[in-house]
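Peer 1: Okay, so here is upload-v8.cif, and as you'll see once you scroll down, it has mmCIF, C-alpha atoms.
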```cif
data_structure
#
loop_
_atom_site.label_atom_id
_atom_site.label_comp_id
_atom_site.auth_asym_id
_atom_site.auth_seq_id
_atom_site.Cartn_x
_atom_site.Cartn_y
_atom_site.Cartn_z
CA MET N 1 -11.27 -21.70 -2.86
CA PHE N 2 -13.23 -22.23 0.34
CA GLU N 3 -10.12 -21.69 2.48
CA ALA N 4 -9.42 -18.39 0.68
CA PHE N 5 -13.04 -17.33 1.27
CA LYS N 6 -12.75 -18.12 4.97
CA LYS N 7 -9.53 -16.13 5.34
CA LYS N 8 -11.00 -13.15 3.48
CA HIS N 9 -14.00 -13.01 5.79
CA ASP N 10 -12.25 -14.07 8.99
CA ARG N 11 -13.06 -11.46 11.65
CA THR N 12 -11.38 -13.26 14.55
CA PRO N 13 -9.16 -11.03 16.73
CA GLU N 14 -6.03 -12.86 15.58
CA ASN N 15 -6.72 -12.27 11.88
CA MET N 16 -7.87 -8.69 12.41
CA ALA N 17 -4.65 -7.85 14.22
CA ASP N 18 -2.70 -8.93 11.15
CA ARG N 19 -4.81 -6.87 8.76
CA VAL N 20 -5.92 -3.73 10.57
CA PRO N 21 -3.32 -1.05 11.40
CA PRO N 22 -3.37 0.69 14.79
CA GLY N 23 -6.03 3.31 15.26
CA GLN N 24 -8.29 1.92 12.50
CA TYR N 25 -11.80 0.43 12.63
CA VAL N 26 -13.26 -1.99 10.08
CA THR N 27 -16.27 -1.07 7.96
CA ASP N 28 -18.22 -2.97 5.32
CA LYS N 29 -19.20 0.33 3.72
CA PHE N 30 -17.07 2.24 1.22
CA PRO N 31 -17.06 5.83 2.51
CA VAL N 32 -16.80 8.64 -0.03
CA LEU N 33 -14.25 11.34 0.80
CA HIS N 34 -12.69 13.84 -1.57
CA TYR N 35 -11.93 17.48 -2.16
CA GLY N 36 -13.98 19.44 -4.68
CA ASP N 37 -16.73 18.46 -7.10
CA VAL N 38 -17.13 15.10 -8.83
CA PRO N 39 -16.22 15.55 -12.51
CA SER N 40 -18.40 14.28 -15.34
CA TYR N 41 -17.35 12.99 -18.75
CA PRO N 42 -20.07 13.15 -21.41
CA ASP N 43 -17.77 11.67 -24.08
CA LEU N 44 -14.63 9.99 -22.76
CA GLU N 45 -13.09 9.46 -26.17
CA GLN N 46 -13.32 13.17 -26.90
CA THR N 47 -12.80 14.74 -23.47
CA TRP N 48 -10.45 12.41 -21.57
CA ASP N 49 -6.82 11.47 -22.02
CA PHE N 50 -3.96 10.27 -19.83
CA ARG N 51 -0.46 11.80 -19.91
CA VAL N 52 2.93 10.65 -18.69
CA PHE N 53 5.70 13.24 -18.65
CA GLY N 54 8.71 14.55 -16.78
CA GLU N 55 11.83 12.44 -16.26
CA LEU N 56 11.46 10.11 -19.24
CA GLU N 57 12.80 10.12 -22.78
CA ALA N 58 9.63 11.67 -24.21
CA PRO N 59 6.12 12.47 -22.98
CA LYS N 60 3.26 10.25 -24.06
CA THR N 61 -0.51 10.73 -24.15
CA PHE N 62 -3.06 7.91 -24.25
CA SER N 63 -6.59 8.36 -25.51
CA TYR N 64 -9.33 6.63 -23.53
CA SER N 65 -9.51 3.69 -25.95
CA GLU N 66 -5.72 3.38 -26.08
CA PHE N 67 -5.47 3.23 -22.31
CA ARG N 68 -8.28 0.70 -21.98
CA SER N 69 -6.59 -1.54 -24.54
CA LEU N 70 -3.58 -2.02 -22.26
CA PRO N 71 -3.27 -5.41 -20.51
CA THR N 72 -5.44 -5.67 -17.40
CA VAL N 73 -4.82 -7.30 -14.04
CA THR N 74 -7.25 -8.09 -11.21
CA LEU N 75 -6.16 -8.09 -7.57
CA GLU N 76 -8.32 -9.74 -4.92
CA ASN N 77 -8.48 -9.62 -1.12
CA ILE N 78 -6.85 -6.19 -0.90
CA ASP N 79 -7.28 -4.15 2.30
CA LEU N 80 -7.79 -0.37 2.24
CA HIS N 81 -6.93 2.07 5.02
CA CYS N 82 -8.11 5.69 5.16
CA VAL N 83 -6.47 8.42 7.21
CA THR N 84 -9.92 9.13 8.70
CA ARG N 85 -9.50 5.76 10.48
CA TRP N 86 -11.74 3.39 8.51
CA SER N 87 -10.39 0.19 6.97
CA LYS N 88 -12.18 -1.93 4.39
CA LEU N 89 -10.94 -5.48 4.02
CA GLY N 90 -10.94 -7.95 1.16
CA THR N 91 -11.62 -5.67 -1.81
CA THR N 92 -11.15 -6.49 -5.51
CA TRP N 93 -9.70 -4.10 -8.09
CA SER N 94 -8.96 -4.26 -11.82
CA GLY N 95 -6.88 -2.02 -14.04
CA VAL N 96 -3.41 -1.59 -15.49
CA ALA N 97 -0.54 -2.57 -13.22
CA PHE N 98 1.95 0.25 -12.79
CA LYS N 99 4.75 -2.08 -13.87
CA GLU N 100 2.76 -2.88 -17.00
CA LEU N 101 2.30 0.80 -17.78
CA LEU N 102 6.09 1.27 -17.78
CA LYS N 103 6.30 -1.19 -20.69
CA HIS N 104 4.13 1.09 -22.83
CA ILE N 105 5.79 4.46 -22.26
CA PRO N 106 9.22 5.83 -23.25
CA PRO N 107 12.03 4.73 -20.89
CA LEU N 108 12.49 6.63 -17.66
CA ASN N 109 15.56 8.80 -17.16
CA PRO N 110 18.07 7.41 -14.61
CA GLY N 111 17.23 10.25 -12.21
CA ALA N 112 13.52 9.43 -11.93
CA GLN N 113 12.81 8.68 -8.27
CA PHE N 114 9.39 10.16 -7.51
CA VAL N 115 6.00 10.41 -9.17
CA LEU N 116 3.36 13.11 -8.84
CA ALA N 117 -0.16 11.97 -9.74
CA HIS N 118 -2.19 14.69 -11.45
CA SER N 119 -5.98 14.56 -11.19
CA GLU N 120 -8.91 16.76 -12.15
CA ALA N 121 -9.20 20.25 -10.64
CA GLY N 122 -5.48 20.44 -9.91
CA TYR N 123 -5.43 17.73 -7.24
CA THR N 124 -2.07 15.99 -6.84
CA ALA N 125 -0.58 13.16 -4.78
CA ASN N 126 3.13 12.32 -4.54
CA VAL N 127 4.55 8.80 -4.20
CA PRO N 128 8.13 7.49 -4.42
CA LEU N 129 8.75 5.50 -7.58
CA GLU N 130 9.99 2.51 -5.57
CA VAL N 131 6.59 2.32 -3.84
CA LEU N 132 4.73 2.33 -7.15
CA LEU N 133 6.84 -0.61 -8.31
CA ASP N 134 5.13 -2.89 -5.78
CA ASP N 135 3.09 -5.67 -7.38
CA ASP N 136 -0.20 -4.42 -5.88
CA VAL N 137 -0.06 -0.91 -7.41
CA MET N 138 -2.24 -0.19 -10.42
CA LEU N 139 -4.14 2.42 -12.35
CA ALA N 140 -7.59 1.13 -11.51
CA TYR N 141 -10.87 1.48 -13.36
CA LYS N 142 -12.95 -1.34 -11.84
CA TYR N 143 -13.94 -2.14 -8.27
CA ASP N 144 -15.59 -5.47 -7.43
CA GLY N 145 -15.83 -6.30 -11.12
CA VAL N 146 -17.70 -3.18 -12.27
CA GLU N 147 -16.60 0.25 -13.44
CA LEU N 148 -15.71 2.72 -10.72
CA THR N 149 -18.55 4.99 -9.73
CA PRO N 150 -18.00 8.74 -10.23
CA ASP N 151 -17.66 9.23 -6.45
CA HIS N 152 -14.84 6.70 -6.33
CA GLY N 153 -12.79 8.04 -9.20
CA TYR N 154 -14.36 7.06 -12.53
CA PRO N 155 -12.89 6.63 -15.06
CA LEU N 156 -9.44 6.09 -13.49
CA ARG N 157 -7.71 6.31 -10.14
CA LEU N 158 -4.28 5.54 -8.84
CA PHE N 159 -4.34 2.57 -6.46
CA VAL N 160 -1.60 2.32 -3.81
CA PRO N 161 -3.06 0.09 -1.07
CA LYS N 162 0.00 0.06 1.20
CA LYS N 163 -0.43 3.80 1.83
CA TYR N 164 -3.31 5.73 3.39
CA PHE N 165 -5.99 6.00 0.74
CA TRP N 166 -5.53 9.69 -0.07
CA LYS N 167 -2.42 8.63 -2.03
CA SER N 168 -4.73 6.64 -4.35
CA ALA N 169 -5.73 9.76 -6.26
CA LYS N 170 -9.17 9.76 -7.90
CA TRP N 171 -9.97 11.06 -11.40
CA LEU N 172 -6.41 10.50 -12.53
CA ARG N 173 -5.26 12.33 -15.65
CA GLY N 174 -1.49 11.99 -15.60
CA LEU N 175 1.72 10.90 -13.93
CA GLU N 176 4.74 13.18 -13.69
CA PHE N 177 8.06 11.43 -13.14
CA MET N 178 10.46 13.55 -11.06
CA ALA N 179 14.06 13.55 -9.86
CA ARG N 180 13.05 15.26 -6.59
CA ASP N 181 10.02 14.88 -4.40
CA ARG N 182 7.27 17.51 -4.55
CA LEU N 183 4.46 17.61 -2.03
CA GLY N 184 0.96 16.78 -3.22
CA PHE N 185 -2.31 18.52 -2.33
CA TRP N 186 -2.93 17.05 1.12
CA GLU N 187 0.74 16.95 2.00
CA ARG N 188 0.89 20.73 1.55
CA TYR N 189 -1.96 20.97 4.06
CA GLY N 190 -0.11 19.04 6.74
CA TYR N 191 -0.68 15.38 5.93
CA ASN N 192 2.31 13.10 6.42
CA ASN N 193 4.43 12.69 3.30
CA HIS N 194 4.97 8.96 3.82
CA ALA N 195 1.41 7.90 4.78
CA ASP N 196 2.22 4.45 6.15
CA PRO N 197 -0.89 3.14 7.97
CA TRP N 198 1.13 0.71 10.08
CA GLN N 199 3.22 3.58 11.44
CA GLU N 200 0.15 5.84 11.82
CA GLU N 201 1.80 8.46 9.64
CA ARG N 202 -1.32 10.60 9.40
CA TYR N 203 -0.08 14.17 9.80
CA SER N 204 3.26 15.86 9.39
CA GLU N 205 3.72 16.65 13.08
CA GLU N 206 3.55 12.93 13.83
#
```
Rewrite the coordinates I just gave you, this time as structure tokens.

Peer 2:
Amino acid sequence: MFEAFKKKHDRTPENMADRVPPGQYVTDKFPVLHYGDVPSYPDLEQTWDFRVFGELEAPKTFSYSEFRSLPTVTLENIDLHCVTRWSKLGTTWSGVAFKELLKHIPPLNPGAQFVLAHSEAGYTANVPLEVLLDDDVMLAYKYDGVELTPDHGYPLRLFVPKKYFWKSAKWLRGLEFMARDRLGFWERYGYNNHADPWQEERYSEE
């Protein structure tokens, strides 16, 4: 346990080079960045649900209690990288693994290759299905052992740590499975469609 703690908090140049993509700086803060207003949910059981639809045998909708009853996983020592150049190292997240979610929805059609995350206020983020099948991808509702704050996506956000953090859409309300890619909100405004921090894929012209 002590060795894991040391590695998590190791800020030597050698360790930082392995964990921080080019052009990024490390912060201990958790900056808040988003488009639009922060939504509120006075009664989650009555006002919130989560939909899956598109390229699958049938659509499915989860109530809040149904979604929270799904098996939960916790991932530790996960690094985050924002397109605005901050990186936060060694974070802990809990929620429903994307692979686990697939066990609780109707089977996907063979043509399903992309996913569009739908959030409040019409915000969207697109991710290839093969990326979402990574073991570190989840639908997260806890950060550092406590419920997400409203600013960080309460009650649910997509969590795709290998991509720039705008792909981890806050205030998630649904996933649309697609045969063809469709640009999300920031991608339509010139952000790079692939968003790989290690390749500095920040904007489309790059």

Peer 1: Would you mind telling me which residue in N:Tyr41, N:Tyr189, N:Trp93, N:Tyr164 lies nearest to N:Pro21 when using all atoms listed in the file?

Peer 2: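 Smallest separation from N:Pro21 among the options: N:Tyr164.
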
Peer 1: If the PyMOL selection byres ((chain N and resi 132-134) around 12) were run on this exact file, what residues would it hold? Put them as an NGL selection string.

Peer 2: :N and (97-102 or 113-117 or 126-131 or 135-139 or 158-163 or 167-168 or 175 or 177)

Peer 1: Which is closer to N:Ala112 than all the others in N:Glu55, N:Glu200, N:Asp28, N:Asp144, using all atoms listed in the file?

Peer 2: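 The closest residue to N:Ala112 is N:Glu55.
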
Peer 1: On this file, the PyMOL selection byres ((chain N and resi 66-74) around 12) gives some set of residues; write that set as a short mmCIF file (atom, residue, chain, number, x, y, z; two decimals) with C-alpha atoms, keeping the file's coordinate frame.

Peer 2:
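What landed in out.cif:
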```cif
data_model
loop_
_atom_site.label_atom_id
_atom_site.label_comp_id
_atom_site.auth_asym_id
_atom_site.auth_seq_id
_atom_site.Cartn_x
_atom_site.Cartn_y
_atom_site.Cartn_z
CA LEU N 44 -14.63 9.99 -22.76
CA GLU N 45 -13.09 9.46 -26.17
CA TRP N 48 -10.45 12.41 -21.57
CA ASP N 49 -6.82 11.47 -22.02
CA PHE N 50 -3.96 10.27 -19.83
CA ARG N 51 -0.46 11.80 -19.91
CA VAL N 52 2.93 10.65 -18.69
CA LYS N 60 3.26 10.25 -24.06
CA THR N 61 -0.51 10.73 -24.15
CA PHE N 62 -3.06 7.91 -24.25
CA SER N 63 -6.59 8.36 -25.51
CA TYR N 64 -9.33 6.63 -23.53
CA SER N 65 -9.51 3.69 -25.95
CA LEU N 75 -6.16 -8.09 -7.57
CA GLU N 76 -8.32 -9.74 -4.92
CA ASN N 77 -8.48 -9.62 -1.12
CA ILE N 78 -6.85 -6.19 -0.90
CA THR N 91 -11.62 -5.67 -1.81
CA THR N 92 -11.15 -6.49 -5.51
CA TRP N 93 -9.70 -4.10 -8.09
CA SER N 94 -8.96 -4.26 -11.82
CA GLY N 95 -6.88 -2.02 -14.04
CA VAL N 96 -3.41 -1.59 -15.49
CA ALA N 97 -0.54 -2.57 -13.22
CA PHE N 98 1.95 0.25 -12.79
CA LYS N 99 4.75 -2.08 -13.87
CA GLU N 100 2.76 -2.88 -17.00
CA LEU N 101 2.30 0.80 -17.78
CA LEU N 102 6.09 1.27 -17.78
CA LYS N 103 6.30 -1.19 -20.69
CA HIS N 104 4.13 1.09 -22.83
CA ILE N 105 5.79 4.46 -22.26
CA ASP N 135 3.09 -5.67 -7.38
CA ASP N 136 -0.20 -4.42 -5.88
CA VAL N 137 -0.06 -0.91 -7.41
CA MET N 138 -2.24 -0.19 -10.42
CA LEU N 139 -4.14 2.42 -12.35
CA ALA N 140 -7.59 1.13 -11.51
CA TYR N 141 -10.87 1.48 -13.36
CA LYS N 142 -12.95 -1.34 -11.84
CA TYR N 143 -13.94 -2.14 -8.27
CA ASP N 144 -15.59 -5.47 -7.43
CA GLY N 145 -15.83 -6.30 -11.12
CA VAL N 146 -17.70 -3.18 -12.27
CA GLU N 147 -16.60 0.25 -13.44
CA PRO N 155 -12.89 6.63 -15.06
CA LEU N 156 -9.44 6.09 -13.49
CA ARG N 173 -5.26 12.33 -15.65
CA GLY N 174 -1.49 11.99 -15.60
#
```

Peer 1: Which of these residues is nearest to N:Thr149, using all atoms listed in the file: N:Met178, N:Val38, N:Leu80, N:Ala17?

Peer 2: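 When distances to N:Thr149 are compared using all atoms listed in the file, the smallest one comes from N:Val38.
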
Peer 1: Which of these residues is nearest to N:Ala195, using all atoms listed in the file: N:Trp171, N:Leu89, N:Glu57, N:Val83?

Peer 2: N:Val83

Peer 1: Just the number, please: distance in Å from atom CA of N:Thr47 to atom CA of N:Pro106, one decimal.

Peer 2: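 Result for atom CA of N:Thr47 versus atom CA of N:Pro106: 23.8 Å, one decimal.
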